[in-house]
Structure formats: C-alpha cells, structure tokens
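Printed here is target07.cif (mmCIF, C-alpha atoms (C1' of nucleotides)):
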```cif
data_coords
loop_
_atom_site.label_atom_id
_atom_site.label_comp_id
_atom_site.auth_asym_id
_atom_site.auth_seq_id
_atom_site.Cartn_x
_atom_site.Cartn_y
_atom_site.Cartn_z
CA MET A 24 34.42 62.65 123.22
CA GLU A 25 31.39 64.33 124.69
CA GLN A 26 33.53 65.51 127.55
CA ARG A 27 35.67 67.61 125.22
CA ASP A 28 32.57 68.95 123.53
CA GLY A 29 31.47 69.89 127.02
CA ASP A 30 34.76 71.68 127.53
CA LEU A 31 34.28 73.63 124.35
CA ALA A 32 30.82 74.63 125.51
CA ASP A 33 32.27 75.60 128.88
CA PRO A 34 34.93 78.29 128.44
CA THR A 35 35.56 78.39 132.17
CA ASN A 36 36.79 74.80 131.96
CA LEU A 37 35.45 73.73 135.30
CA THR A 38 35.48 70.06 134.39
CA ASP A 39 39.23 69.71 134.01
CA PRO A 40 41.96 71.73 135.73
CA THR A 41 44.47 70.98 132.95
CA ASP A 42 44.14 72.77 129.64
CA PRO A 43 42.54 70.18 127.35
CA SER A 44 43.51 72.03 124.21
CA ASP A 45 47.03 70.66 124.76
CA LEU A 46 45.93 67.11 125.55
CA TRP A 47 44.65 64.40 123.24
CA THR A 48 42.80 61.20 123.99
CA ILE A 49 43.94 58.15 122.11
CA SER A 50 40.88 58.29 119.86
CA ARG A 51 41.38 61.88 118.81
CA LEU A 52 45.06 61.28 118.21
CA ALA A 53 44.31 58.19 116.15
CA GLU A 54 41.61 59.85 114.11
CA GLU A 55 43.73 62.92 113.50
CA HIS A 56 46.52 60.82 112.04
CA GLY A 57 44.47 58.16 110.33
CA VAL A 58 45.70 55.23 112.39
CA THR A 59 43.92 52.79 114.71
CA LEU A 60 43.99 52.75 118.49
CA ARG A 61 45.73 49.41 118.27
CA THR A 62 48.54 50.96 116.30
CA ILE A 63 49.10 53.71 118.85
CA ARG A 64 49.06 51.25 121.73
CA HIS A 65 51.47 49.07 119.82
CA TYR A 66 53.88 51.97 119.47
CA GLU A 67 53.67 52.35 123.22
CA ASP A 68 54.39 48.63 123.68
CA VAL A 69 57.59 48.95 121.71
CA GLY A 70 58.61 52.12 123.52
CA LEU A 71 57.97 54.68 120.82
CA LEU A 72 55.35 56.55 122.82
CA SER A 73 54.89 57.04 126.55
CA PRO A 74 51.73 59.03 127.20
CA ALA A 75 50.77 60.37 130.60
CA ARG A 76 47.92 58.69 132.42
CA ARG A 77 44.82 59.95 134.17
CA GLY A 78 43.92 56.82 136.05
CA SER A 79 44.33 54.19 133.42
CA GLN A 80 43.49 56.46 130.55
CA ARG A 81 46.20 57.59 128.17
CA LEU A 82 46.68 61.32 127.65
CA TYR A 83 48.94 62.62 124.91
CA ASP A 84 50.58 66.03 125.09
CA ALA A 85 52.11 67.99 122.22
CA ARG A 86 55.44 66.22 122.61
CA GLN A 87 53.96 62.76 122.32
CA ARG A 88 51.95 63.94 119.36
CA ILE A 89 55.10 65.10 117.62
CA ARG A 90 56.73 61.77 118.35
CA LEU A 91 53.82 59.98 116.72
CA GLN A 92 54.21 62.15 113.65
CA LEU A 93 57.92 61.34 113.52
CA VAL A 94 57.08 57.64 113.76
CA LEU A 95 54.57 57.88 110.94
CA ARG A 96 57.03 59.74 108.79
CA GLY A 97 59.57 57.03 109.45
CA LYS A 98 57.01 54.46 108.40
CA ARG A 99 56.28 56.28 105.15
CA LEU A 100 60.01 56.06 104.54
CA GLY A 101 59.91 52.31 105.02
CA PHE A 102 61.90 52.10 108.24
CA SER A 103 61.16 49.36 110.76
CA LEU A 104 59.92 50.31 114.20
CA PRO A 105 63.26 49.55 115.89
CA GLU A 106 65.02 51.71 113.30
CA ILE A 107 62.50 54.46 113.87
CA ALA A 108 63.12 54.18 117.58
CA THR A 109 66.83 54.91 117.16
CA ILE A 110 66.09 57.85 114.89
CA VAL A 111 63.35 59.37 117.02
CA ASN A 112 65.38 58.97 120.18
CA MET A 113 68.18 60.96 118.58
CA TYR A 114 66.01 64.04 118.71
CA ASP A 115 65.75 64.20 122.48
CA GLU A 116 68.97 62.63 123.58
CA GLN A 117 70.76 64.24 126.49
CA PRO A 118 74.21 65.71 125.72
CA GLY A 119 76.01 62.72 127.26
CA GLU A 120 79.72 62.01 127.04
CA ALA A 121 82.07 62.29 124.08
CA GLY A 122 81.93 58.61 123.09
CA GLN A 123 78.16 58.69 123.01
CA LEU A 124 78.16 61.85 120.95
CA ARG A 125 80.56 60.42 118.41
CA TYR A 126 78.48 57.26 118.14
CA LEU A 127 75.41 59.39 117.59
CA LEU A 128 77.16 61.33 114.82
CA ASP A 129 78.07 58.01 113.23
CA GLN A 130 74.48 56.89 113.31
CA ILE A 131 73.39 60.16 111.77
CA GLU A 132 75.79 59.58 108.90
CA VAL A 133 74.41 56.10 108.38
CA ARG A 134 70.86 57.43 108.19
CA ARG A 135 71.90 60.25 105.92
CA ALA A 136 73.51 57.78 103.53
CA GLU A 137 70.35 55.69 103.49
CA LEU A 138 68.22 58.71 102.80
CA GLU A 139 70.48 59.80 99.98
CA GLN A 140 70.28 56.34 98.43
CA MET A 141 66.51 56.59 98.66
CA ARG A 142 66.62 59.96 96.96
CA ARG A 143 68.55 58.45 94.07
CA ASP A 144 66.14 55.53 93.87
CA ILE A 145 63.21 57.92 93.82
CA ASP A 146 64.74 59.99 91.05
CA GLU A 147 65.40 56.95 88.90
CA THR A 148 61.95 55.57 89.48
CA MET A 149 60.42 58.94 88.63
CA THR A 150 62.18 59.22 85.29
CA GLU A 151 61.17 55.68 84.41
CA LEU A 152 57.59 56.38 85.35
CA ASP A 153 57.80 59.40 83.07
CA ARG A 154 58.99 57.18 80.24
CA VAL A 155 56.16 54.73 80.75
CA ALA A 156 53.66 57.58 80.92
CA ALA A 157 55.01 59.06 77.70
CA ARG A 158 54.63 55.70 75.96
CA CYS A 159 51.07 55.50 77.28
CA HIS A 160 50.23 58.88 75.81
CA GLU A 161 51.71 57.86 72.47
CA ASP A 162 49.67 54.68 72.43
CA LEU A 163 46.55 56.60 73.35
CA ALA A 164 47.16 59.10 70.56
CA ARG A 165 47.66 56.24 68.14
CA LEU A 166 44.33 54.75 69.16
CA ALA A 167 42.43 58.00 68.67
CA MET B 25 80.57 28.10 89.41
CA GLU B 26 83.42 26.06 88.03
CA GLN B 27 81.50 25.68 84.81
CA ARG B 28 81.63 29.42 84.15
CA ASP B 29 85.28 29.53 85.10
CA GLY B 30 85.66 26.82 82.54
CA ASP B 31 83.89 28.97 80.02
CA LEU B 32 86.22 31.83 80.72
CA ALA B 33 89.17 29.54 80.24
CA ASP B 34 87.65 28.26 77.02
CA PRO B 35 87.16 31.13 74.56
CA THR B 36 85.70 28.80 71.98
CA ASN B 37 82.84 28.13 74.36
CA LEU B 38 82.36 24.53 73.42
CA THR B 39 80.57 23.68 76.64
CA ASP B 40 77.50 25.81 76.01
CA PRO B 41 75.97 26.82 72.68
CA THR B 42 74.37 29.95 74.20
CA ASP B 43 76.54 32.91 75.07
CA PRO B 44 77.11 32.58 78.82
CA SER B 45 78.18 36.20 79.18
CA ASP B 46 74.49 37.08 78.89
CA LEU B 47 73.24 34.37 81.24
CA TRP B 48 73.47 34.14 85.02
CA THR B 49 73.01 31.22 87.37
CA ILE B 50 71.02 31.87 90.47
CA SER B 51 74.16 31.90 92.61
CA ARG B 52 75.96 34.50 90.55
CA LEU B 53 72.88 36.64 90.37
CA ALA B 54 72.38 36.39 94.13
CA GLU B 55 75.99 37.14 94.93
CA GLU B 56 76.10 40.06 92.54
CA HIS B 57 73.14 41.69 94.24
CA GLY B 58 73.81 40.69 97.81
CA VAL B 59 70.72 38.57 98.29
CA THR B 60 70.21 34.88 99.07
CA LEU B 61 69.11 32.16 96.67
CA ARG B 62 65.97 31.81 98.75
CA THR B 63 65.10 35.43 98.13
CA ILE B 64 65.43 35.10 94.37
CA ARG B 65 63.37 31.93 94.33
CA HIS B 66 60.78 33.65 96.46
CA TYR B 67 60.53 36.47 93.95
CA GLU B 68 59.86 33.83 91.34
CA ASP B 69 57.19 32.24 93.56
CA VAL B 70 55.31 35.53 93.73
CA GLY B 71 55.67 36.15 90.02
CA LEU B 72 58.31 38.87 90.05
CA LEU B 73 60.85 36.83 88.09
CA SER B 74 60.47 34.10 85.50
CA PRO B 75 63.88 32.77 84.49
CA ALA B 76 64.46 30.37 81.63
CA ARG B 77 65.35 26.78 82.46
CA ARG B 78 67.98 24.37 81.26
CA GLY B 79 66.52 21.17 82.60
CA SER B 80 65.55 22.15 86.13
CA GLN B 81 68.21 24.80 86.44
CA ARG B 82 67.29 28.49 86.41
CA LEU B 83 69.02 30.72 83.90
CA TYR B 84 68.66 34.49 84.08
CA ASP B 85 69.10 36.72 81.07
CA ALA B 86 69.69 40.47 81.05
CA ARG B 87 66.00 41.21 81.18
CA GLN B 88 65.43 39.12 84.30
CA ARG B 89 68.47 40.69 85.85
CA ILE B 90 67.05 44.15 85.27
CA ARG B 91 63.77 43.06 86.79
CA LEU B 92 65.59 41.90 89.90
CA GLN B 93 67.27 45.27 90.17
CA LEU B 94 63.94 47.01 89.85
CA VAL B 95 62.55 44.80 92.60
CA LEU B 96 65.46 45.57 94.91
CA ARG B 97 65.12 49.27 94.25
CA GLY B 98 61.44 49.00 95.11
CA LYS B 99 62.40 47.27 98.32
CA ARG B 100 64.85 50.01 99.25
CA LEU B 101 61.95 52.40 98.79
CA GLY B 102 59.88 50.39 101.25
CA PHE B 103 57.30 49.05 98.81
CA SER B 104 55.73 45.65 99.40
CA LEU B 105 56.28 42.89 96.87
CA PRO B 106 52.72 43.15 95.50
CA GLU B 107 53.19 46.91 95.07
CA ILE B 108 56.51 46.30 93.39
CA ALA B 109 54.83 43.82 91.07
CA THR B 110 52.37 46.42 89.81
CA ILE B 111 55.18 48.93 89.30
CA VAL B 112 57.58 46.56 87.59
CA ASN B 113 54.89 45.18 85.33
CA MET B 114 54.17 48.69 84.12
CA TYR B 115 57.54 48.72 82.39
CA ASP B 116 56.81 45.92 79.99
CA GLU B 117 53.10 46.18 79.56
CA GLN B 118 51.73 45.69 76.06
CA PRO B 119 49.99 48.73 74.51
CA GLY B 120 46.54 47.34 75.26
CA GLU B 121 43.27 49.22 74.90
CA ALA B 122 42.39 52.76 75.91
CA GLY B 123 40.78 51.86 79.23
CA GLN B 124 43.85 49.90 80.27
CA LEU B 125 46.13 52.73 79.27
CA ARG B 126 44.15 55.27 81.26
CA TYR B 127 44.17 53.01 84.28
CA LEU B 128 47.92 52.65 83.93
CA LEU B 129 48.34 56.42 83.78
CA ASP B 130 46.25 56.69 86.94
CA GLN B 131 48.49 54.20 88.71
CA ILE B 132 51.53 56.11 87.60
CA GLU B 133 50.11 59.26 89.14
CA VAL B 134 49.46 57.41 92.40
CA ARG B 135 53.05 56.20 92.53
CA ARG B 136 54.37 59.60 91.62
CA ALA B 137 52.41 61.15 94.47
CA GLU B 138 53.81 58.60 96.90
CA LEU B 139 57.33 59.23 95.73
CA GLU B 140 56.89 62.97 96.09
CA GLN B 141 55.60 62.50 99.62
CA MET B 142 58.67 60.41 100.34
CA ARG B 143 60.88 63.13 98.94
CA ARG B 144 59.32 65.64 101.33
CA ASP B 145 59.73 63.21 104.24
CA ILE B 146 63.36 62.70 103.33
CA ASP B 147 64.02 66.44 103.15
CA GLU B 148 62.43 67.05 106.54
CA THR B 149 64.29 64.17 108.13
CA MET B 150 67.55 65.41 106.63
CA THR B 151 67.21 68.90 108.05
CA GLU B 152 66.37 67.48 111.45
CA LEU B 153 69.34 65.17 111.34
CA ASP B 154 71.43 68.22 110.51
CA ARG B 155 70.07 69.99 113.57
CA VAL B 156 70.87 67.04 115.81
CA ALA B 157 74.34 66.77 114.31
CA ALA B 158 74.95 70.47 114.88
CA ARG B 159 73.93 70.10 118.53
CA CYS B 160 76.28 67.15 118.82
CA HIS B 161 79.19 69.17 117.52
CA GLU B 162 78.37 71.98 119.93
CA ASP B 163 78.29 69.56 122.84
CA LEU B 164 81.56 68.01 121.73
CA ALA B 165 83.19 71.43 121.50
CA ARG B 166 81.91 72.27 124.97
CA LEU B 167 83.46 69.07 126.33
CA ALA B 168 86.84 69.78 124.80
"C1'" DG C 17 20.52 52.04 138.02
"C1'" DC C 18 20.71 51.18 133.13
"C1'" DT C 19 22.62 52.39 128.78
"C1'" DT C 20 26.05 54.30 125.89
"C1'" DA C 21 30.52 55.80 124.68
"C1'" DC C 22 35.01 55.54 125.42
"C1'" DG C 23 38.64 53.57 127.55
"C1'" DT C 24 41.58 49.51 129.42
"C1'" DT C 25 44.43 44.88 129.35
"C1'" DG C 26 45.45 40.33 127.72
"C1'" DA C 27 45.87 37.07 124.21
"C1'" DC C 28 45.48 34.86 119.99
"C1'" DG C 29 45.34 35.50 114.66
"C1'" DT C 30 47.47 36.83 110.33
"C1'" DA C 31 50.00 38.35 106.22
"C1'" DA C 32 54.45 39.29 104.26
"C1'" DG C 33 59.13 38.09 103.47
"C1'" DC C 34 62.00 35.37 103.76
"C1'" DG C 35 65.30 31.52 106.88
"C1'" DT C 36 66.32 26.95 107.36
"C1'" DA C 37 66.55 22.23 107.12
"C1'" DA C 38 65.66 17.76 104.57
"C1'" DA C 39 65.97 15.09 100.75
"C1'" DC C 40 67.03 14.76 96.22
"C1'" DC C 41 69.36 15.25 91.24
"C1'" DC C 42 73.30 15.91 88.25
"C1'" DG C 43 77.74 16.78 86.12
"C1'" DA C 44 82.78 16.99 87.28
"C1'" DC C 45 86.81 15.16 89.18
"C1'" DC C 46 89.99 11.65 91.39
"C1'" DG D 21 82.21 4.70 91.67
"C1'" DG D 22 82.32 7.70 95.57
"C1'" DT D 23 82.21 12.43 96.65
"C1'" DC D 24 82.26 16.98 95.81
"C1'" DG D 25 79.95 21.52 94.40
"C1'" DG D 26 76.53 23.23 92.50
"C1'" DG D 27 71.53 22.95 91.56
"C1'" DT D 28 66.40 21.55 92.73
"C1'" DT D 29 61.71 21.08 95.47
"C1'" DT D 30 58.82 20.74 99.60
"C1'" DA D 31 57.68 22.38 103.77
"C1'" DC D 32 57.69 24.06 108.24
"C1'" DG D 33 59.49 28.13 111.15
"C1'" DC D 34 60.12 32.85 112.37
"C1'" DT D 35 59.66 37.89 112.78
"C1'" DT D 36 57.29 42.27 112.17
"C1'" DA D 37 53.35 45.07 112.62
"C1'" DC D 38 49.65 45.19 113.67
"C1'" DG D 39 44.06 43.08 113.47
"C1'" DT D 40 40.68 41.17 116.21
"C1'" DC D 41 38.11 39.41 119.70
"C1'" DA D 42 36.96 38.98 124.81
"C1'" DA D 43 36.19 40.67 129.13
"C1'" DC D 44 36.17 44.47 131.89
"C1'" DG D 45 36.43 49.63 134.04
"C1'" DT D 46 34.56 54.29 134.17
"C1'" DA D 47 32.33 58.60 133.54
"C1'" DA D 48 28.13 60.95 131.46
"C1'" DG D 49 23.36 61.42 130.62
"C1'" DC D 50 18.55 59.88 131.16
#
```

Can you give me the file's structure in the form of structure tokens?
Amino acid sequence: MEQRDGDLADPTNLTDPTDPSDLWTISRLAEEHGVTLRTIRHYEDVGLLSPARRGSQRLYDARQRIRLQLVLRGKRLGFSLPEIATIVNMYDEQPGEAGQLRYLLDQIEVRRAELEQMRRDIDETMTELDRVAARCHEDLARLA
Amino acid sequence: MEQRDGDLADPTNLTDPTDPSDLWTISRLAEEHGVTLRTIRHYEDVGLLSPARRGSQRLYDARQRIRLQLVLRGKRLGFSLPEIATIVNMYDEQPGEAGQLRYLLDQIEVRRAELEQMRRDIDETMTELDRVAARCHEDLARLA
DNA sequence: GCTTACGTTGACGTAAGCGTAAACCCGACC
DNA sequence: GGTCGGGTTTACGCTTACGTCAACGTAAGC
C-alpha cells in the first residue's frame, strides 16, 4: 500500500486521523499470515471475522488480527470452521447466566478431551516415525 | 455375521479352513472402529487398504486392520487422505536405495515438524481454555 | 483524465471425503 | 423356492473450504 508507505514517510500522519499502526488492510493481513484475500473474506462470510469499514474497505484492528490467528491455529489443528467458530467465540463471550456458563464449561471439557486425544495420537505417531527413521539409518549404514 | 457366530459355536471350525479369529469382514471391521462400510471401501479406492478376497468378499487380516487404525489416527490429526497415504506407506517401505532412504528421512522430518507445531498449538489452546474456564467459574461464583 | 494499484461484490468451479440409492449376487434358513 | 442378511459394484449427490474469474469502485500519481 503506497498510502501506508506515505504514512511512514509522514510522521505527522496528516493523511489519516486514526493511527494506522494499529490497523491492517486485507492485503497486509493476508500477506502477514500467508493466506489469500479470498480466505479472509470467506472467514468473514462465515462469521469468524467482522472488520470495521472505511467506506467499503475492510480495516482490521488488533482484535480482529488476533481472531484470525486463532482461526489459523484451529485450522492447523484440523478443526472445521464451524468448530473453530464455537471455540473462538468462547474467548469473548459475555458472562451470561448460569445455564450458559455451565454449557460453556461442558464445551470446554469436550474440546479439552479432543486435544488430549490428539496429544496421544501425536506421541504415538512420533515414536513410530522414530522407529522408521532408525530403520532408515540402519539400511543406509548397511549400504555404505 | 451369523457365519462368525457359527464359527464361535463350532470350535472345530469346519466352515472355514483359515483361522477366522485373524480375519475380519468389512462389517465387523467398520463396527469395531465406528466407521461406515462406505468409508472403508473408499479407503480401498484411494489405495489406503487392500484386503484379501474370498470370491468378491473382502477379508481383512491383522495387517490391514492396523493400517485402518493408522489411517483413522491420521484423520484425527487432521491429515488429508493423500498425506496419510505417504505416512502410512512409510511404515512398510522396502529398504530401497540410498536416495530413496534419504528422501524418506526428509519426509519424516517434515512430518515431525508438523506434529511439533501441532503440539505447540494444542498447548496454547489448552492454556487459553483454562483461562476461559477459570473466568466461567468466577462468574458462576459471583452469581451464587 | 488516464493509468495503476488496491479494493469491492457476486457467482460459478473444484477437490476431498464420504452419503446414499439402485441393482445385483450368494449362502442360509424355513 | 422364496426371502432373509449379509456382501458387491456403479454412480450420482452433497458439503466444506476455498479458487477463480468478471465487472466494478476508488484513491494516488503523472
């Protein structure tokens, strides 16, 4: 964005009353996280992000940026976007009433159980990868 | 399967020359692992399983059963079926030549890195879930 | 006022991972 | 010999998570 370069060259920031160091355009956000614009817009379509707007242009503040990072972490963990939505929305849920809170605690337990299962799966896979690697090294030594 | 029940009721095993305790039909295998027949056949379509046949009927031995379990573990970890294929095939690769072996070791390192990233993601998610849970308990206490 | 860079909204395309009939075979039982 | 309860194949359908145009707005610089 040449406009942001302009801002950097203009410490008085006459071009934009808001502090641009706390705001990201969709391109910068995408590039920073190694995803496409389409992906970010898609996350907005399904309610995972809700950036501010200047006219029609999307502007992402620190909070939206964090949400994106939470989404991407969820993806690395193999969760679907709806699942990620429930998880991410846990983080900024209002106190609410007792029933809600108990339901939320239930959900947390569900997720925790899933994550612990994943941890076990990872450990098992790791040790098996080690075994395969060891066999590889043996075979290599035998060939030398 | 009434045929297997028959086997159990017939210790002399006259109905089947092979030892059925080491062989699974597709239904038993599916039920045991909580997946559908369609899923198991699909895994065969994409080359993840290759059961023996008695006529047209699929028969799974211990080795195929293990492979299915590896596939399902890969799925729980969020890997795609093609990714799972490369991982699973590592386990019963023939020694091969040096170049192959080095490539395999490379792949193992790639997977290991992914798994370690997942481990970090899990840890972070866990601590955040803990924080949310703690806040929930506070709010509940405040309501009481 | 034209270009260029960046943004926007549809809307259709696609690959993966199965679901879901439809139509058939085959051995067992009554 | 019909009719179960299993099995089989073929094939089209569906959902998710975006990719990929197409057509357009808008602000900046020459």

Just the residues within 7 Å of range 86-94 of chain A, please, counting only C-alpha atoms (C1' of nucleotides), with nothing from its chain fewer than 5 positions along; format it as a PDB file with C-alpha atoms, in the frame of the given file.
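What ended up in part.pdb:
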```pdb
ATOM      1  CA  LEU A  72      55.350  56.550 122.820  1.00  0.00           C
ATOM      2  CA  PRO A  74      51.730  59.030 127.200  1.00  0.00           C
ATOM      3  CA  ILE A 107      62.500  54.460 113.870  1.00  0.00           C
ATOM      4  CA  VAL A 111      63.350  59.370 117.020  1.00  0.00           C
TER       5      VAL A 111
END
```

Could you give me, as JSON lines, every chain A residue with an atom at most 8 Å from chain D, plus its closest atom pair and distance in Å to one decimal, counting only C-alpha atoms (C1' of nucleotides), rows ordered by chain then number?
```
{"residue": "A:Arg61", "atom": "CA", "partner": "D:DC38", "partner_atom": "C1'", "distance": 7.4}
{"residue": "A:Thr62", "atom": "CA", "partner": "D:DC38", "partner_atom": "C1'", "distance": 6.4}
{"residue": "A:His65", "atom": "CA", "partner": "D:DC38", "partner_atom": "C1'", "distance": 7.5}
```

- What does the distance between CA of Leu60 in chain A and CA of Ser73 in chain A come to in Å, to one decimal place?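 Here the two named atoms are 14.2 Å from each other.
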
Got a sec to resolve the PyMOL selection byres ((chain A) within 9 of (chain B)) on this structure and send the residues as a short mmCIF file (atom, residue, chain, number, x, y, z; two decimals) with C-alpha atoms, keeping the file's coordinate frame?
```
data_model
loop_
_atom_site.label_atom_id
_atom_site.label_comp_id
_atom_site.auth_asym_id
_atom_site.auth_seq_id
_atom_site.Cartn_x
_atom_site.Cartn_y
_atom_site.Cartn_z
CA LEU A 93 57.92 61.34 113.52
CA ARG A 96 57.03 59.74 108.79
CA GLY A 97 59.57 57.03 109.45
CA LYS A 98 57.01 54.46 108.40
CA ARG A 99 56.28 56.28 105.15
CA LEU A 100 60.01 56.06 104.54
CA GLY A 101 59.91 52.31 105.02
CA PHE A 102 61.90 52.10 108.24
CA ILE A 110 66.09 57.85 114.89
CA MET A 113 68.18 60.96 118.58
CA TYR A 114 66.01 64.04 118.71
CA ASP A 115 65.75 64.20 122.48
CA PRO A 118 74.21 65.71 125.72
CA GLY A 119 76.01 62.72 127.26
CA GLU A 120 79.72 62.01 127.04
CA ALA A 121 82.07 62.29 124.08
CA LEU A 124 78.16 61.85 120.95
CA ARG A 125 80.56 60.42 118.41
CA LEU A 127 75.41 59.39 117.59
CA LEU A 128 77.16 61.33 114.82
CA ILE A 131 73.39 60.16 111.77
CA GLU A 132 75.79 59.58 108.90
CA ARG A 134 70.86 57.43 108.19
CA ARG A 135 71.90 60.25 105.92
CA GLU A 137 70.35 55.69 103.49
CA LEU A 138 68.22 58.71 102.80
CA GLU A 139 70.48 59.80 99.98
CA GLN A 140 70.28 56.34 98.43
CA MET A 141 66.51 56.59 98.66
CA ARG A 142 66.62 59.96 96.96
CA ASP A 144 66.14 55.53 93.87
CA ILE A 145 63.21 57.92 93.82
CA ASP A 146 64.74 59.99 91.05
CA THR A 148 61.95 55.57 89.48
CA MET A 149 60.42 58.94 88.63
CA GLU A 151 61.17 55.68 84.41
CA LEU A 152 57.59 56.38 85.35
CA ASP A 153 57.80 59.40 83.07
CA ARG A 154 58.99 57.18 80.24
CA VAL A 155 56.16 54.73 80.75
CA ALA A 156 53.66 57.58 80.92
CA ARG A 158 54.63 55.70 75.96
CA CYS A 159 51.07 55.50 77.28
CA HIS A 160 50.23 58.88 75.81
CA ASP A 162 49.67 54.68 72.43
CA LEU A 163 46.55 56.60 73.35
CA LEU A 166 44.33 54.75 69.16
CA ALA A 167 42.43 58.00 68.67
#
```

Discussion item. Could you give the RMSD, in Å, left over when chain B is least-squares superposed onto chain A across all Cα atoms paired sequentially?
Written reply: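 Rounded to one decimal, the C-alpha RMSD is 0.1 Å.
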
Apply the PyMOL selection byres ((chain C) within 12 of (chain B)) to the displayed file and report the matching residues as a CSV table (one decimal) with C-alpha atoms (C1' of nucleotides), in the coordinates of the input.
```
chain,number,residue,atom,x,y,z
C,31,DA,C1',50.0,38.4,106.2
C,32,DA,C1',54.4,39.3,104.3
C,33,DG,C1',59.1,38.1,103.5
C,34,DC,C1',62.0,35.4,103.8
C,35,DG,C1',65.3,31.5,106.9
C,36,DT,C1',66.3,27.0,107.4
C,41,DC,C1',69.4,15.2,91.2
C,42,DC,C1',73.3,15.9,88.2
C,43,DG,C1',77.7,16.8,86.1
C,44,DA,C1',82.8,17.0,87.3
C,45,DC,C1',86.8,15.2,89.2
```
